[in-house]
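This report refers to the structure that appears directly beneath it.
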Amino acid sequence: MADSSAPSSFTILATGQLECAEIPECTNAYLKFQFVAGEDWQLLDGLEEGITQAARVPEGRDGVLVWNFPIDITYKTTNAFGWPQLVVAVYGLDSFGRDVIKGYGCIHLPMAAGRYTLKLRLFRPRSASLLQSFTSWLTGMPAEFSDPKFPSYGEGREVTRVQSGGHVKVQLNLMTKDMDMFGYVDGSGRDPAVSAITQM
Amino acid sequence: MAELHVIGQIQGAIGFPSQNLFCKWGVAAGRSWELLEGLDSGQTQLDLAPEGEPVVWAHPLDLHYACRGLAGWPKLYFQVWSQDVHGRNDICGYGFCHVPTAPGQYEIECPTWIPEGTAGERIAAFFLGGNPRLKYEEVVYTPGDRFRLNTVSAGLVQVQLGVIVKDFERNHVHFG
């Protein structure tokens, strides 16, 4: 091993939970999540996809669906391009008891080490016509994305018509290893409030 | 050679007269910047948001630049468009913001504006639709003569960005 002092990759570790969601007119839902990362990223530990339990809003209290589902994932990479994204899909029960999509959401994992509370706003595809929205209500099959990773794509979004509503709250702690030795500066040691005061 | 990663999301918009909006976006950088990986322009989904809520685009941005000179630091520019019930698209706002020059996580609210026509044009637009548009869209992000342009302010575009840099400190560049 010629030069063992210089690491050939850096690692990020994200831990946290899918905490809860608030979705108007939805009192019973579960969430499917997956992590999408670029080609240079390798999963070291943790589950890249999963499903939470089905949660219900309690009677007579604030309409919050609580999942409290643990997230624990470690990635190794040589390139910051393709930074992992968390894609979620929330499914609820309609009035006939069938699973219908309530919303998709997507966010990048934070890039600087620290503790974060992320809010993923949800959106779902709109039916192409009034007739289609009526038949989808009747059959319990509203429009869904055929590719569950679609919310993480930067291309092909221009032809999608969606409507938004509701959000999912995610708590995440991020740690990184060897990023500075790899040459990256992520700004995690800087407090923007402090540097603003010292400028005055 | 130094590298810059801009990774984040065009989250959405707030404060526009319509709640049915999409955004055409792009990134402009100087001649000494080379885009190594990622897309530097695109169009978001068309979202219909409930009254009072922000419009949600959640459009991921992942750009990897190589930098040979600091001039021409990348900037993001936006055109916010609305669609009415008949499916016609109309411009709602132009805006731009620089990618922050220090590494870290940022939540940016970018203000936008639209060109305003004469009183006669505004009356016609009230009945027929169709807001005046810019002929040369570089005016949005290029410093130059905007003297004859009359504009009115429009809503805010919300962007969440993470910036990571590589080898800038080795070239004696300070971010503060």
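Residue names in the structure tokens use chain letters A, B, ... in the order shown, residue numbers from 1 in each chain, and ligand numbers from 1 in the order shown.
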For the structure I just gave you, how does DSSP split chain B - specifically, which residues are strand (DSSP E or B)? Reply as a ChimeraX atom specification. /B:2-14,20-28,33-37,41-43,46-48,55-67,75-83,89-98,104-115,151-166
Tell me which protein, DNA and RNA residues are within 7 Å of stretch 156-170 of chain B, counting only C-alpha atoms, leaving out same-chain ones fewer than 6 positions away, and put them as a PyMOL selection string. (chain A and resi 111+183-186) or (chain B and resi 2-15+103-112)
Let me see the file: selected residues, C-alpha atoms, as a PDB file, in the first residue's frame.
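Final output, again.pdb:
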ATOM      1  CA  MET A 111     -24.401  18.383   3.412  1.00  0.00           C
ATOM      2  CA  GLY A 183     -10.235  18.309   0.360  1.00  0.00           C
ATOM      3  CA  TYR A 184     -13.896  19.196   0.899  1.00  0.00           C
ATOM      4  CA  VAL A 185     -14.991  22.088   3.091  1.00  0.00           C
ATOM      5  CA  ASP A 186     -18.629  21.802   4.061  1.00  0.00           C
TER       6      ASP A 186
ATOM      7  CA  ALA B   2     -10.862  23.977  -7.397  1.00  0.00           C
ATOM      8  CA  GLU B   3     -14.321  22.426  -7.434  1.00  0.00           C
ATOM      9  CA  LEU B   4     -17.722  23.596  -6.282  1.00  0.00           C
ATOM     10  CA  HIS B   5     -20.729  21.420  -5.503  1.00  0.00           C
ATOM     11  CA  VAL B   6     -24.175  23.000  -5.337  1.00  0.00           C
ATOM     12  CA  ILE B   7     -26.718  20.492  -4.059  1.00  0.00           C
ATOM     13  CA  GLY B   8     -30.224  21.381  -2.977  1.00  0.00           C
ATOM     14  CA  GLN B   9     -33.732  21.974  -4.138  1.00  0.00           C
ATOM     15  CA  ILE B  10     -35.949  24.650  -5.672  1.00  0.00           C
ATOM     16  CA  GLN B  11     -38.559  24.207  -2.962  1.00  0.00           C
ATOM     17  CA  GLY B  12     -41.372  26.353  -4.252  1.00  0.00           C
ATOM     18  CA  ALA B  13     -42.811  29.811  -4.342  1.00  0.00           C
ATOM     19  CA  ILE B  14     -45.012  32.059  -2.291  1.00  0.00           C
ATOM     20  CA  GLY B  15     -46.791  35.368  -2.765  1.00  0.00           C
ATOM     21  CA  PRO B 103     -19.814  26.536   2.157  1.00  0.00           C
ATOM     22  CA  GLY B 104     -22.791  25.624   4.291  1.00  0.00           C
ATOM     23  CA  GLN B 105     -26.538  25.052   4.218  1.00  0.00           C
ATOM     24  CA  TYR B 106     -28.799  27.924   3.135  1.00  0.00           C
ATOM     25  CA  GLU B 107     -32.495  28.709   2.816  1.00  0.00           C
ATOM     26  CA  ILE B 108     -32.787  31.497   0.278  1.00  0.00           C
ATOM     27  CA  GLU B 109     -35.879  33.494  -0.654  1.00  0.00           C
ATOM     28  CA  CYS B 110     -35.314  35.076  -4.010  1.00  0.00           C
ATOM     29  CA  PRO B 111     -37.502  38.105  -4.839  1.00  0.00           C
ATOM     30  CA  THR B 112     -39.001  38.377  -8.343  1.00  0.00           C
TER      31      THR B 112
END
Skipping near chain neighbours, those fewer than 2 positions away, what residues fall within 6 Å of B:Ala29 using only C-alpha atoms, listed as a PyMOL selection string? chain B and resi 72-74
Convert the current residue selection to file output with C-alpha atoms, as a JSON list (two decimals), in the first residue's frame.
[["chain", "number", "residue", "atom", "x", "y", "z"],
["B", 72, "GLY", "CA", -18.40, 34.66, -12.85],
["B", 73, "TRP", "CA", -19.42, 32.85, -9.67],
["B", 74, "PRO", "CA", -22.52, 30.80, -10.61]]
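Near A:Met181, within 10 Å and counting only C-alpha atoms, sit Ser5, Ala6, Pro7, Ser8, Ser9, Phe10, Lys177, Asp178, Met179, Gly183, Tyr184 and Val185 of chain A, not including residues fewer than 2 positions from it in the same chain.
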Would you write out those residues with N, CA, C and O atoms, as an mmCIF file, in the first residue's frame?
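Output contents, as saved in part.cif:
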data_model
loop_
_atom_site.group_PDB
_atom_site.id
_atom_site.type_symbol
_atom_site.label_atom_id
_atom_site.label_comp_id
_atom_site.auth_asym_id
_atom_site.auth_seq_id
_atom_site.Cartn_x
_atom_site.Cartn_y
_atom_site.Cartn_z
ATOM 1 N N SER A 5 -1.812 7.239 3.941
ATOM 2 C CA SER A 5 -2.275 8.376 4.740
ATOM 3 C C SER A 5 -3.402 9.119 4.055
ATOM 4 O O SER A 5 -4.231 9.717 4.711
ATOM 5 N N ALA A 6 -3.501 9.102 2.752
ATOM 6 C CA ALA A 6 -4.560 9.852 2.062
ATOM 7 C C ALA A 6 -5.747 8.922 1.816
ATOM 8 O O ALA A 6 -5.615 7.929 1.095
ATOM 9 N N PRO A 7 -6.914 9.216 2.397
ATOM 10 C CA PRO A 7 -8.069 8.331 2.197
ATOM 11 C C PRO A 7 -8.572 8.438 0.768
ATOM 12 O O PRO A 7 -8.508 9.490 0.152
ATOM 13 N N SER A 8 -9.091 7.349 0.270
ATOM 14 C CA SER A 8 -9.559 7.359 -1.108
ATOM 15 C C SER A 8 -11.047 7.645 -1.202
ATOM 16 O O SER A 8 -11.585 7.726 -2.292
ATOM 17 N N SER A 9 -11.725 7.769 -0.063
ATOM 18 C CA SER A 9 -13.148 8.060 -0.123
ATOM 19 C C SER A 9 -13.546 8.723 1.187
ATOM 20 O O SER A 9 -12.777 8.710 2.148
ATOM 21 N N PHE A 10 -14.733 9.315 1.216
ATOM 22 C CA PHE A 10 -15.243 9.822 2.482
ATOM 23 C C PHE A 10 -16.594 9.174 2.761
ATOM 24 O O PHE A 10 -17.212 8.592 1.869
ATOM 25 N N LYS A 177 -17.084 11.710 7.686
ATOM 26 C CA LYS A 177 -15.734 11.260 8.041
ATOM 27 C C LYS A 177 -14.837 11.401 6.831
ATOM 28 O O LYS A 177 -15.201 10.992 5.738
ATOM 29 N N ASP A 178 -13.675 12.013 7.040
ATOM 30 C CA ASP A 178 -12.651 12.146 6.007
ATOM 31 C C ASP A 178 -12.991 13.156 4.925
ATOM 32 O O ASP A 178 -12.304 13.211 3.912
ATOM 33 N N MET A 179 -14.032 13.958 5.141
ATOM 34 C CA MET A 179 -14.341 14.935 4.100
ATOM 35 C C MET A 179 -13.243 15.985 4.004
ATOM 36 O O MET A 179 -12.884 16.414 2.910
ATOM 37 N N GLY A 183 -10.324 16.986 0.965
ATOM 38 C CA GLY A 183 -10.235 18.309 0.360
ATOM 39 C C GLY A 183 -11.524 19.098 0.397
ATOM 40 O O GLY A 183 -11.563 20.252 0.009
ATOM 41 N N TYR A 184 -12.619 18.493 0.913
ATOM 42 C CA TYR A 184 -13.896 19.196 0.899
ATOM 43 C C TYR A 184 -14.046 20.057 2.144
ATOM 44 O O TYR A 184 -13.688 19.645 3.240
ATOM 45 N N VAL A 185 -14.611 21.234 1.969
ATOM 46 C CA VAL A 185 -14.991 22.088 3.091
ATOM 47 C C VAL A 185 -16.501 22.199 3.039
ATOM 48 O O VAL A 185 -17.051 22.635 2.033
#
Do you know which residues are at most 6 Å from stretch 27-29 of chain A counting only C-alpha atoms, after dropping those on the same chain fewer than 2 positions away, and could you put them as a PyMOL selection string? chain A and resi 54-57+91-92
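Among the candidate residues A:Ser136, A:Thr11, A:Thr78, A:Gln85, the one lying nearest to chain B is A:Gln85, with distances computed using only C-alpha atoms.
Here atom CA of B:Pro50 stands at a distance of 18.8 Å from atom CA of A:Pro142.
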Could you name the residues that touch A:Gly38 at 7 Å or less, counting only C-alpha atoms, but leaving out those on the same chain fewer than 5 positions away, as an NGL selection string? :A and (81-83)
Could the residues of stretch 67-176 of chain A that have an atom at most 10 Å from stretch 33-49 of chain B be listed as a tab-separated table, each with its closest atom pair and the distance in Å to one decimal, counting only C-alpha atoms and ordered by chain and ascending residue number?
residue	atom	partner	partner_atom	distance
A:Phe81	CA	B:Glu37	CA	7.2
A:Gly82	CA	B:Gly38	CA	8.7
A:Phe123	CA	B:Asp47	CA	7.9
A:Arg124	CA	B:Asp47	CA	9.0
A:Pro125	CA	B:Asp47	CA	8.9
A:Arg126	CA	B:Leu48	CA	8.9
A:Pro151	CA	B:Gln45	CA	9.9
A:Gly154	CA	B:Gly42	CA	7.5
A:Glu155	CA	B:Gly42	CA	7.0
A:Gly156	CA	B:Gln43	CA	8.3
A:Arg157	CA	B:Gln45	CA	5.0
A:Glu158	CA	B:Gln45	CA	5.0
A:Val159	CA	B:Gln45	CA	6.6
A:Thr160	CA	B:Gln45	CA	5.1
A:Arg161	CA	B:Leu46	CA	4.7
A:Val162	CA	B:Asp47	CA	4.7
A:Gln163	CA	B:Leu48	CA	4.5
A:Ser164	CA	B:Ala49	CA	5.1
A:Gly165	CA	B:Ala49	CA	6.8
Expected file contents, prior selection, N, CA and C atoms, as a compact mmCIF listing (two decimals), in the first residue's frame:
# COMPACT_ATOMS: atom_id res chain seq x y z
N PHE A 81 -21.05 14.59 -6.03
CA PHE A 81 -22.15 14.61 -6.99
C PHE A 81 -23.04 13.38 -6.75
N GLY A 82 -24.37 13.57 -6.81
CA GLY A 82 -25.25 12.44 -6.54
C GLY A 82 -25.50 12.26 -5.07
N PHE A 123 -46.69 16.37 -2.53
CA PHE A 123 -47.46 16.69 -3.74
C PHE A 123 -47.87 15.37 -4.37
N ARG A 124 -49.00 15.38 -5.10
CA ARG A 124 -49.39 14.16 -5.81
C ARG A 124 -49.88 14.52 -7.21
N PRO A 125 -49.79 13.57 -8.14
CA PRO A 125 -50.17 13.89 -9.52
C PRO A 125 -51.66 14.21 -9.62
N ARG A 126 -51.98 15.13 -10.52
CA ARG A 126 -53.39 15.46 -10.79
C ARG A 126 -53.89 14.59 -11.92
N PRO A 151 -39.70 11.62 -7.92
CA PRO A 151 -39.49 12.93 -7.28
C PRO A 151 -38.02 13.31 -7.11
N GLY A 154 -34.14 15.28 -11.79
CA GLY A 154 -34.13 16.67 -12.22
C GLY A 154 -34.68 16.84 -13.61
N GLU A 155 -34.84 15.75 -14.33
CA GLU A 155 -35.34 15.84 -15.72
C GLU A 155 -36.71 15.22 -15.82
N GLY A 156 -37.45 15.61 -16.81
CA GLY A 156 -38.74 14.98 -17.07
C GLY A 156 -39.84 15.49 -16.17
N ARG A 157 -39.58 16.58 -15.42
CA ARG A 157 -40.62 17.06 -14.52
C ARG A 157 -41.54 18.05 -15.20
N GLU A 158 -41.14 18.53 -16.39
CA GLU A 158 -41.90 19.65 -16.95
C GLU A 158 -43.27 19.24 -17.44
N VAL A 159 -43.52 17.95 -17.64
CA VAL A 159 -44.84 17.56 -18.12
C VAL A 159 -45.72 17.05 -16.99
N THR A 160 -45.25 17.18 -15.75
CA THR A 160 -46.05 16.67 -14.63
C THR A 160 -46.90 17.78 -14.06
N ARG A 161 -48.19 17.48 -13.84
CA ARG A 161 -49.09 18.42 -13.17
C ARG A 161 -49.45 17.81 -11.83
N VAL A 162 -49.18 18.56 -10.76
CA VAL A 162 -49.40 17.99 -9.43
C VAL A 162 -50.22 18.99 -8.62
N GLN A 163 -50.73 18.49 -7.48
CA GLN A 163 -51.32 19.38 -6.49
C GLN A 163 -50.65 19.07 -5.17
N SER A 164 -50.46 20.09 -4.37
CA SER A 164 -49.71 19.89 -3.13
C SER A 164 -50.62 20.02 -1.92
N GLY A 165 -50.15 19.48 -0.81
CA GLY A 165 -50.91 19.56 0.43
C GLY A 165 -50.28 18.65 1.45
Taking 4 positions as the minimum chain separation for residues in the same chain, which residues sit within 12 Å of B:Phe16 when counting only C-alpha atoms? Answer as JSON, numbers by chain. {"B": [12, 20, 21, 22, 49, 51, 52, 53, 54, 55, 80, 81, 82, 91, 92, 93, 94, 111, 112, 113, 114, 152, 153, 154, 155, 156, 157]}
Please produce an output containing C-alpha atoms for each residue in the selection, written as a CSV table (one decimal), in the first residue's frame.
chain,number,residue,atom,x,y,z
B,12,GLY,CA,-41.4,26.4,-4.3
B,20,ASN,CA,-51.0,27.2,-10.3
B,21,LEU,CA,-47.3,27.7,-11.0
B,22,PHE,CA,-44.2,26.2,-12.6
B,49,ALA,CA,-51.4,24.6,-4.1
B,51,GLU,CA,-54.9,28.9,-0.8
B,52,GLY,CA,-52.3,30.5,1.5
B,53,GLU,CA,-49.9,27.5,1.2
B,54,PRO,CA,-46.6,27.8,-0.7
B,55,VAL,CA,-46.5,26.2,-4.2
B,80,VAL,CA,-42.1,31.7,-12.7
B,81,TRP,CA,-45.0,31.0,-15.0
B,82,SER,CA,-48.7,30.4,-14.2
B,91,ILE,CA,-45.2,34.9,-17.0
B,92,CYS,CA,-45.5,35.7,-13.3
B,93,GLY,CA,-42.0,36.7,-12.3
B,94,TYR,CA,-38.3,36.9,-13.2
B,111,PRO,CA,-37.5,38.1,-4.8
B,112,THR,CA,-39.0,38.4,-8.3
B,113,TRP,CA,-40.5,41.1,-10.6
B,114,ILE,CA,-42.4,41.3,-13.8
B,152,VAL,CA,-43.7,45.6,-10.5
B,153,SER,CA,-42.7,43.2,-7.8
B,154,ALA,CA,-44.0,39.7,-7.7
B,155,GLY,CA,-43.7,36.8,-5.2
B,156,LEU,CA,-40.7,34.9,-3.7
B,157,VAL,CA,-39.0,31.8,-4.9
So how far away is atom CA of A:Asn68 from atom CA of A:Lys149, in Å? 22.7 Å
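Between atom CA of A:His108 and atom CA of A:Met175 there is a distance of 14.6 Å.
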